[in-house]
Amino acid sequence: MVSFNTQEFYKKILETKELISSYIHNTPFDFSTTFSNWTGYKVYLKLENLQKTGSFKVRGAFSRLIRLSEEEKRRGVIAVSAGNHAQGVAYAASKLGIRSVIVMPESAPISKYMATKSYGAQVILYGQYLHQSMEKAQELIREMGLVLVHPYADKEVIWGQGTIGLELPVENLDAIVVPVGGGGLISGIAIAAKSRNPNVKIIGVQSAASPSFKVSKSLGRLVEIEPSFSIADGILVKSPSELTFSIINELVDDIVLVDDEEIAEAIYLLLERAKTVVEGAGAAPVAALLKGKIKLDSGSRVAAIISGGNIDLSLLSKIIEKALSRSKRIVKVKVIVPDKPGYLNKILSHVVAIKGNVVEVMHDRISSDVPPGYTKIYILFEVPDTSYLEDFSNRLLSEGIEVRIVE
């Protein structure tokens with residue numbers, strides 16, 4: 001393991017706060033009555049999704065770039081990222097007047113590509129995976145002399161992320177729950193928080209698709225695990241660093257795992273109940289709290305770090321639709337009726353009678369279970385409450401029409 005000095009790092013985090021304070025937001029720290037009632041804890045949300053560029057990453061980027069020598073600034077910087085780190089480095093470089101080159105995989109979302117480019121970076125799409133993008137970056141470093149800004153394996157980046165810990169009222173907290181990818185965020189927060197309150201628990205949350213730190217901590221040695229797919233793409237890391245593992249191994253009390261279903265539910269509930277747009281990685285701490293993955297005394301005061309809000313809108317739309325369907329607030333029903341005028345109108349009138357709102361209607365006349373002269377009708381509609389569905393079903397049955405809910 002790599003050695004580090006907690007006291008020295010804490011002093012650097014304090015110094016960094018002064019260096020970057022004019023470039024970043026001191027983001028809100030909000031109490032959530034809803035999540036507190038659901039979990040039995042007093043839950044506070046540290047809203048880094050409201051940070052500049054929509055993520056905490058800009059803190060570490062400024063910390064690294066502002067410390068460059070004049071000669072390094074003339075050379076320019078390069079970063080490899082498919083999302084938040086790319087935007088953070090591009091934004092920081094533009095504000096400091098430094099040339100930036102960002103290598104993104106060809107699979108990077110177009111929204112993140114365009115956002116990074118809008119901050120003034122030269123964006124190069126290369127490779128399908130990040131390790132291929134990193135190979136391209138190393139080639140450009142050799143050719144152009146650019147300075148690499150690593151997303152987490154860099155003490156100056158960690159100092160920047162640690163400034164979040166200075167904005168938390170740690171003396172009044174029992175635990176801080178932090179999403180974990182490469183470990184830079186939780187490392188910085190753990191140092192800043194434990195230096196001010198040694199008794200505060202630091203709990204990391206990883207995606208079950210990428211449990212490298214969870215496994216490494218349990219084994220007491222750093223291991224690499226190839227990530228599988230997850231909607232929490234911001235915390236999918238195959239190769240954590242020795243530095244962040246050393247800090248996590250010493251200062252982080254526990255690491256828990258959440259899966260995509262749990263993360264998606266947290267994204268939806270944060271949007272509906274907290275009116276907060278959050279990406280997968282940022283929702284992971286709330287997911288862990290809601291699903292009882294974190295064991296604390298009842299009434300414990302807990303801060304959940306909402307690390308970012310740069311979620312793809314098409315993904316967000318799918319999450320919302322699935323959540324509404326699961327809770328039967330949007331329901332899809334199937335009926336088979338004679339293919340004659342008036343039947344569809346009759347069915348829709350009963351939807352209106354229960355205060356439903358029709359979203360989509362689809363006919364199917366050719367499936368094997370549809371008798372000749374009949375049509376199968378699928379109707380997707382919103383309902384005010386699930387209790388209305390029984391009334392809807394009874395209304396149709398009274399007219400000899402059997403209705404089935406399609407799961």
# chains A, B, ... in the order shown; residues from 1 in each chain; ligands from 1
>>> residues_around(residues="A:Asp154", least_positions_apart="6", cutoff="10 Å", atoms="only C-alpha atoms", output="list in words")
Gly60, Arg64, Gly184, Ser241, Leu243 and Thr244 of chain A
>>> residues_around(residues="stretch 377-389 of chain A", least_positions_apart="4", cutoff="12 Å", atoms="only C-alpha atoms", output="PyMOL selection string")
chain A and resi 321+324-339+343-345+347-348+350-367+370+393-396+401-407
>>> write_last_selection(atoms="C-alpha atoms", output="mmCIF file, in the first residue's frame")
data_model
loop_
_atom_site.group_PDB
_atom_site.id
_atom_site.type_symbol
_atom_site.label_atom_id
_atom_site.label_comp_id
_atom_site.auth_asym_id
_atom_site.auth_seq_id
_atom_site.Cartn_x
_atom_site.Cartn_y
_atom_site.Cartn_z
ATOM 1 C CA GLU A 321 -41.814 5.193 -17.040
ATOM 2 C CA LEU A 324 -44.758 4.630 -12.786
ATOM 3 C CA SER A 325 -45.622 1.267 -14.308
ATOM 4 C CA ARG A 326 -44.375 -0.664 -11.280
ATOM 5 C CA SER A 327 -46.457 1.473 -8.928
ATOM 6 C CA LYS A 328 -49.487 1.116 -11.257
ATOM 7 C CA ARG A 329 -49.706 4.861 -11.739
ATOM 8 C CA ILE A 330 -49.360 4.086 -15.418
ATOM 9 C CA VAL A 331 -51.062 0.857 -16.363
ATOM 10 C CA LYS A 332 -51.317 -1.148 -19.560
ATOM 11 C CA VAL A 333 -54.443 -3.235 -20.061
ATOM 12 C CA LYS A 334 -55.506 -5.732 -22.716
ATOM 13 C CA VAL A 335 -58.999 -6.443 -23.983
ATOM 14 C CA ILE A 336 -60.287 -8.580 -26.862
ATOM 15 C CA VAL A 337 -63.510 -7.261 -28.376
ATOM 16 C CA PRO A 338 -65.440 -7.509 -31.666
ATOM 17 C CA ASP A 339 -63.755 -5.429 -34.356
ATOM 18 C CA TYR A 343 -66.187 -0.747 -28.806
ATOM 19 C CA LEU A 344 -63.033 1.330 -28.441
ATOM 20 C CA ASN A 345 -65.093 4.387 -27.525
ATOM 21 C CA ILE A 347 -63.696 1.195 -23.281
ATOM 22 C CA LEU A 348 -62.179 4.681 -23.332
ATOM 23 C CA HIS A 350 -64.663 3.883 -18.712
ATOM 24 C CA VAL A 351 -61.061 5.105 -18.571
ATOM 25 C CA VAL A 352 -62.419 8.640 -18.393
ATOM 26 C CA ALA A 353 -64.949 7.582 -15.725
ATOM 27 C CA ILE A 354 -62.132 6.604 -13.334
ATOM 28 C CA LYS A 355 -60.286 9.857 -14.079
ATOM 29 C CA GLY A 356 -57.704 8.076 -16.208
ATOM 30 C CA ASN A 357 -55.571 9.783 -18.849
ATOM 31 C CA VAL A 358 -54.952 7.801 -22.035
ATOM 32 C CA VAL A 359 -51.303 7.701 -23.148
ATOM 33 C CA GLU A 360 -51.388 5.170 -25.996
ATOM 34 C CA VAL A 361 -53.800 2.846 -27.814
ATOM 35 C CA MET A 362 -52.682 -0.078 -29.986
ATOM 36 C CA HIS A 363 -54.693 -2.623 -32.013
ATOM 37 C CA ASP A 364 -53.626 -6.201 -32.783
ATOM 38 C CA ARG A 365 -55.791 -8.178 -35.196
ATOM 39 C CA ILE A 366 -53.337 -10.865 -36.328
ATOM 40 C CA SER A 367 -52.033 -12.638 -33.205
ATOM 41 C CA VAL A 370 -57.353 -13.160 -31.564
ATOM 42 C CA SER A 393 -62.343 -3.763 -14.375
ATOM 43 C CA ASN A 394 -65.818 -4.145 -12.846
ATOM 44 C CA ARG A 395 -67.286 -1.568 -15.206
ATOM 45 C CA LEU A 396 -66.060 -3.515 -18.254
ATOM 46 C CA ILE A 401 -65.696 -7.339 -21.556
ATOM 47 C CA GLU A 402 -62.854 -9.050 -19.707
ATOM 48 C CA VAL A 403 -59.789 -6.868 -19.053
ATOM 49 C CA ARG A 404 -56.307 -7.981 -18.097
ATOM 50 C CA ILE A 405 -53.463 -5.896 -16.773
ATOM 51 C CA VAL A 406 -50.252 -6.399 -18.759
ATOM 52 C CA GLU A 407 -47.210 -6.514 -16.456
#
>>> residues_around(residues="stretch 271-277 of chain A", least_positions_apart="3", cutoff="12 Å", atoms="only C-alpha atoms", output="PDB file with C-alpha atoms, in the first residue's frame")
ATOM      1  CA  PRO A  28     -26.565  23.188  -0.605  1.00  0.00           C
ATOM      2  CA  ASP A  30     -30.528  20.017   2.697  1.00  0.00           C
ATOM      3  CA  PHE A  31     -32.480  18.036   5.263  1.00  0.00           C
ATOM      4  CA  SER A  32     -34.895  15.520   3.712  1.00  0.00           C
ATOM      5  CA  THR A  33     -38.024  14.889   5.764  1.00  0.00           C
ATOM      6  CA  THR A  34     -39.184  12.214   3.308  1.00  0.00           C
ATOM      7  CA  PHE A  35     -36.010  10.128   3.319  1.00  0.00           C
ATOM      8  CA  SER A  36     -35.647  10.604   7.070  1.00  0.00           C
ATOM      9  CA  TRP A  38     -38.481   6.260   5.336  1.00  0.00           C
ATOM     10  CA  VAL A  43     -30.957  12.285   6.322  1.00  0.00           C
ATOM     11  CA  TYR A  44     -29.242  15.284   4.756  1.00  0.00           C
ATOM     12  CA  LEU A  45     -28.378  15.629   1.070  1.00  0.00           C
ATOM     13  CA  LYS A  46     -25.124  17.300  -0.024  1.00  0.00           C
ATOM     14  CA  LEU A  47     -26.168  18.441  -3.496  1.00  0.00           C
ATOM     15  CA  GLU A  48     -23.053  18.294  -5.663  1.00  0.00           C
ATOM     16  CA  ASN A  49     -25.360  17.779  -8.635  1.00  0.00           C
ATOM     17  CA  LEU A  50     -25.784  21.564  -8.368  1.00  0.00           C
ATOM     18  CA  GLY A  54     -23.139  19.218 -12.637  1.00  0.00           C
ATOM     19  CA  SER A  55     -20.608  17.218 -10.624  1.00  0.00           C
ATOM     20  CA  ALA A 264     -33.067   3.470 -10.496  1.00  0.00           C
ATOM     21  CA  GLU A 265     -35.636   3.611  -7.694  1.00  0.00           C
ATOM     22  CA  ALA A 266     -33.483   6.138  -5.825  1.00  0.00           C
ATOM     23  CA  ILE A 267     -33.140   8.289  -8.978  1.00  0.00           C
ATOM     24  CA  TYR A 268     -36.918   8.302  -9.362  1.00  0.00           C
ATOM     25  CA  GLY A 280     -26.776   6.838 -11.199  1.00  0.00           C
ATOM     26  CA  ALA A 281     -23.577   7.305  -9.205  1.00  0.00           C
ATOM     27  CA  GLY A 282     -25.073  10.241  -7.315  1.00  0.00           C
ATOM     28  CA  ALA A 283     -28.154   8.235  -6.329  1.00  0.00           C
ATOM     29  CA  VAL A 286     -29.701   7.199  -1.155  1.00  0.00           C
ATOM     30  CA  ILE A 306     -25.231  13.416  -4.191  1.00  0.00           C
ATOM     31  CA  SER A 307     -22.140  13.467  -6.376  1.00  0.00           C
ATOM     32  CA  GLY A 308     -23.589  14.481  -9.737  1.00  0.00           C
ATOM     33  CA  GLY A 309     -26.646  15.131 -11.879  1.00  0.00           C
ATOM     34  CA  ASN A 310     -25.448  14.513 -15.432  1.00  0.00           C
ATOM     35  CA  ILE A 311     -27.915  11.798 -16.337  1.00  0.00           C
ATOM     36  CA  ASP A 312     -28.830  11.014 -19.931  1.00  0.00           C
ATOM     37  CA  LEU A 313     -32.396  12.250 -20.433  1.00  0.00           C
ATOM     38  CA  LEU A 316     -34.155   9.209 -17.043  1.00  0.00           C
ATOM     39  CA  SER A 317     -37.320   8.928 -19.132  1.00  0.00           C
ATOM     40  CA  ILE A 319     -36.558   5.085 -15.319  1.00  0.00           C
ATOM     41  CA  ILE A 320     -39.598   7.293 -14.757  1.00  0.00           C
ATOM     42  CA  ALA A 323     -41.308   3.348 -11.870  1.00  0.00           C
ATOM     43  CA  LEU A 324     -44.758   4.630 -12.786  1.00  0.00           C
TER      44      LEU A 324
END
>>> residues_around(residues="A:Ala61", least_positions_apart="2", cutoff="10 Å", atoms="only C-alpha atoms", output="PyMOL selection string")
chain A and resi 20+56-59+63-66+79+85-93+149-151+156-158+160-161
>>> residues_around(residues="stretch 252-254 of chain A", least_positions_apart="2", cutoff="10 Å", atoms="only C-alpha atoms", output="number ranges by chain")
A: 175-177, 186-187, 189-191, 194, 200-205, 214, 217-218, 245-250, 256, 294
>>> select_by_dssp(residues="stretch 11-190 of chain A", states="helix (DSSP H, G or I)", output="NGL selection string")
:A and (11-20 or 33-39 or 48-50 or 52-54 or 57-65 or 70-75 or 84-96 or 110-118 or 130-144 or 155-166 or 170-172 or 184-190)
>>> atom_distance(atom1="atom CA of A:Ala193", atom2="atom CA of A:Lys17")
14.0 Å
>>> residues_around(residues="A:Gln206", least_positions_apart="3", cutoff="8 Å", atoms="only C-alpha atoms", output="PyMOL selection string")
chain A and resi 179-181+210-211+213-214+235+255-258+284
>>> write_last_selection(atoms="N, CA and C atoms", output="mmCIF file, in the first residue's frame")
data_model
loop_
_atom_site.group_PDB
_atom_site.id
_atom_site.type_symbol
_atom_site.label_atom_id
_atom_site.label_comp_id
_atom_site.auth_asym_id
_atom_site.auth_seq_id
_atom_site.Cartn_x
_atom_site.Cartn_y
_atom_site.Cartn_z
ATOM 1 N N PRO A 179 -20.614 7.796 -2.715
ATOM 2 C CA PRO A 179 -20.427 6.859 -3.831
ATOM 3 C C PRO A 179 -18.937 6.636 -4.093
ATOM 4 N N VAL A 180 -18.596 5.414 -4.504
ATOM 5 C CA VAL A 180 -17.189 5.061 -4.704
ATOM 6 C C VAL A 180 -16.990 4.486 -6.099
ATOM 7 N N GLY A 181 -16.112 5.124 -6.862
ATOM 8 C CA GLY A 181 -15.664 4.596 -8.146
ATOM 9 C C GLY A 181 -14.181 4.327 -8.049
ATOM 10 N N SER A 210 -19.498 -3.267 -10.095
ATOM 11 C CA SER A 210 -18.088 -2.877 -10.018
ATOM 12 C C SER A 210 -17.637 -2.823 -8.553
ATOM 13 N N PRO A 211 -17.489 -3.986 -7.909
ATOM 14 C CA PRO A 211 -17.233 -4.027 -6.463
ATOM 15 C C PRO A 211 -15.759 -4.068 -6.079
ATOM 16 N N PHE A 213 -13.468 -2.062 -4.720
ATOM 17 C CA PHE A 213 -13.037 -1.634 -3.391
ATOM 18 C C PHE A 213 -13.661 -2.487 -2.282
ATOM 19 N N LYS A 214 -14.905 -2.882 -2.463
ATOM 20 C CA LYS A 214 -15.564 -3.749 -1.482
ATOM 21 C C LYS A 214 -14.766 -5.035 -1.309
ATOM 22 N N ILE A 235 -19.297 5.300 -11.526
ATOM 23 C CA ILE A 235 -18.545 4.582 -10.489
ATOM 24 C C ILE A 235 -18.153 3.174 -10.957
ATOM 25 N N ILE A 255 -18.015 -0.521 3.225
ATOM 26 C CA ILE A 255 -18.435 -0.331 1.837
ATOM 27 C C ILE A 255 -19.572 -1.302 1.560
ATOM 28 N N VAL A 256 -20.661 -0.793 0.998
ATOM 29 C CA VAL A 256 -21.813 -1.630 0.681
ATOM 30 C C VAL A 256 -22.083 -1.557 -0.818
ATOM 31 N N LEU A 257 -22.899 -2.492 -1.296
ATOM 32 C CA LEU A 257 -23.203 -2.581 -2.724
ATOM 33 C C LEU A 257 -24.683 -2.349 -2.988
ATOM 34 N N VAL A 258 -24.978 -1.700 -4.108
ATOM 35 C CA VAL A 258 -26.362 -1.546 -4.571
ATOM 36 C C VAL A 258 -26.438 -1.949 -6.033
ATOM 37 N N ALA A 284 -26.570 6.509 -5.653
ATOM 38 C CA ALA A 284 -26.172 5.288 -4.945
ATOM 39 C C ALA A 284 -26.262 5.417 -3.417
#
>>> residues_around(residues="A:Val77", least_positions_apart="3", cutoff="8 Å", atoms="only C-alpha atoms", output="list in words")
Glu72, Lys73, Ala93, Ile98, Arg99, Ser100, Val101, Leu146, Val147, Leu148 and Val149 of chain A
>>> atom_distance(atom1="atom CA of A:Asn37", atom2="atom CA of A:Asp174")
17.1 Å
>>> select_by_dssp(residues="stretch 74-141 of chain A", states="strand (DSSP E)", output="ChimeraX atom specification")
/A:77-80,100-104,122-125
>>> atom_distance(atom1="atom CA of A:Leu96", atom2="atom CA of A:Ser22")
11.9 Å
>>> closest_residue(among="A:Leu125, A:Trp159, A:Gly76, A:Ile110", to="A:Gly145", atoms="only C-alpha atoms")
A:Gly76
>>> closest_residue(among="A:Ala153, A:Leu19, A:Asn172, A:Glu224", to="A:Arg67", atoms="only C-alpha atoms")
A:Leu19
